[in-house]
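Just below is one structure, and these are the notes that go with it.
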Amino acid sequence: MTLMTERPTISGTESRSFEALLDDLDEVVAPVGYKAEIIRGSIVLSPWSKGYYLRVMGLVCQQLHSSLPEGHVISSGPFLYVFPQDERAYGPDIHAAPRRIFETASNRLDGEALSFVAELTSAATRDDDLTDKVAVYGRGGVPVYLLLDMQEEQVTVFWTPSAKGYESRCTKPFGEKLHIPKPFDCTLDTSGFEAPGSR
């Protein structure tokens, strides 16, 4: 496999079956500073997050923790969630799911078990976060998708998943409060989500 420099994908993967791509993904040794996902039939390498993203991810996890559905956990740890119907495998920045799904020796977790997912955009991932992942998370039945657009400094919450993606959404600029729908039914304060120097 060869790393493409213009687009962060691995060539030669486009015509392989989804299962074969998952097997290939298990073998990928990502270059330092990258994580690997399966998007639109290709293994895509994305750069690691900027330092201040840790603060933002921590604030999201901290605020949602007390509103988690019973038996669920929330984390920003690196885990791979698989959506076979769409032939996608994502490693979301923040994810919440029932604790029981982690009781496996497999690194391929059930994407449809997610109760919440959040992505923090980067220049390399923004288009996929705004389009492909909105559709796949919605079709997969993930109740809440939180999209933190780090370039535009705004947050969008998607809910009411359907066969077409999500039917409901609300966008606010960083610094405002945003309602996170059921099964969380809480308020997220986005103060402190801005990049250093922009506050």
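The chains in the structure tokens are called A, B, ... from first to last as shown; in each chain the residues are counted from 1, and the ligands are counted from 1 in the order shown.
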
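Contact shell of region 178-182 of chain A at 9 Å (only C-alpha atoms; same-chain neighbours under 5 positions omitted): Leu64, Pro143, Val144, Leu146, Val155, Thr156, Val157, Phe158, Trp159, Cys170, Thr171, Lys172, Thr187, Leu188, Asp189 and Thr190 of chain A.
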
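Residues lying within 10 Å of Ser49 (chain A), counting only C-alpha atoms and ignoring same-chain neighbours fewer than 4 positions away, are Gly33, Tyr34, Lys35, Tyr53, Leu54, Asp93, Leu120, Thr121 and Ser122 of chain A.
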
- Item | strand (DSSP E) residues, from DSSP on the backbone, in region 41-189 of chain A, as number ranges by chain | A: 42-47, 72-75, 80-83, 88-90, 94-98, 108-110, 116-120, 144-149, 154-162, 165-173, 177-180, 186-189

- What is the distance between CA of Lys164 (chain A) and CA of Ser17 (chain A), in Å to one decimal? 23.5 Å

- Item | Shell of 12 Å around Thr160 (chain A), only C-alpha atoms, local chain residues under 6 positions omitted, as a PyMOL selection string | chain A and resi 115+134-135+137-145+166-170+180-183

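With only C-alpha atoms as the basis for measurement, A:Pro173 is the residue among A:Gly41, A:Pro84, A:Gly165, A:Pro173 that approaches Met150 (chain A) most closely.
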
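Nearest residue to Ala89 (chain A) among A:Ile39, A:Leu68, A:Ala118, A:Ala124 is A:Ile39, counting only C-alpha atoms.
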
- Query: Between CA of Asp185 (chain A) and CA of Tyr52 (chain A), what is the spacing in Å?
  - Reply: 26.6 Å

- DSSP-assigned alpha helix (DSSP H) members of region 85-139 of chain A, reported as a list in words: Arg126, Asp127, Asp128, Asp129, Leu130, Asp132, Lys133, Val134, Ala135, Val136, Tyr137, Gly138 and Arg139 of chain A

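The nearest approach to Val82 (chain A) among the residues A:Glu152, A:Asp128, A:Glu194, A:Glu37, with only C-alpha atoms taken into account, belongs to A:Glu37.
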
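Here CA of Asp110 (chain A) is placed at a distance of 7.1 Å from CA of Phe83 (chain A).
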
- Quick one: of A:Leu25, A:Ala30, A:Ala36, A:Val117, who's nearest to Met57 (chain A), counting only C-alpha atoms? A:Val117

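Across A:Asp132, A:Glu70, A:Asp127, A:Glu119, the tightest approach to Val56 (chain A) is made by A:Glu119 when counting only C-alpha atoms.
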
- For Gly192 (chain A), list every protein, DNA or RNA residue within 9 Å, evaluated using only C-alpha atoms, and leave out those in the same chain fewer than 6 positions away; present the list as a VMD selection string. chain A and resid 55 to 56 59 174 to 175 199

For C-alpha atoms, I'd like the residues from the last selection saved as a PDB file, in the first residue's frame.
```pdb
ATOM      1  CA  ARG A  55      -9.584  20.843  26.383  1.00  0.00           C
ATOM      2  CA  VAL A  56     -12.704  20.874  24.202  1.00  0.00           C
ATOM      3  CA  LEU A  59     -15.372  19.875  28.459  1.00  0.00           C
ATOM      4  CA  PHE A 174     -18.953  28.771  20.262  1.00  0.00           C
ATOM      5  CA  GLY A 175     -19.629  30.524  23.553  1.00  0.00           C
ATOM      6  CA  ARG A 199     -11.121  34.302  23.010  1.00  0.00           C
TER       7      ARG A 199
END
```

Ala96 (chain A): which residues within 6 Å, counting only C-alpha atoms, same-chain residues fewer than 6 positions away excluded, as a CSV table (one decimal) with C-alpha atoms, in the first residue's frame?
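Okay, this is what ended up in part-v2.csv:
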```
chain,number,residue,atom,x,y,z
A,73,VAL,CA,-19.9,5.4,29.2
A,74,ILE,CA,-18.4,8.4,27.4
A,114,LEU,CA,-23.6,4.3,19.9
A,115,SER,CA,-25.9,6.7,21.9
A,116,PHE,CA,-23.8,9.8,21.1
```

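Shortest atom-to-atom contact with Arg40 (chain A) among A:His95, A:Arg100, A:Lys177, A:Arg16: A:Arg16, counting only C-alpha atoms.
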
Write out as a short mmCIF file (atom, residue, chain, number, x, y, z; two decimals) with C-alpha atoms, in the first residue's frame each polymer residue whose atoms come within 7 Å of Gly71 (chain A), counting only C-alpha atoms; drop sequence neighbours fewer than 2 positions from it.
```
data_model
loop_
_atom_site.label_atom_id
_atom_site.label_comp_id
_atom_site.auth_asym_id
_atom_site.auth_seq_id
_atom_site.Cartn_x
_atom_site.Cartn_y
_atom_site.Cartn_z
CA PRO A 69 -28.14 6.85 29.79
CA VAL A 73 -19.86 5.36 29.20
CA PRO A 98 -23.33 0.90 26.53
CA ARG A 99 -20.45 -0.39 28.66
#
```
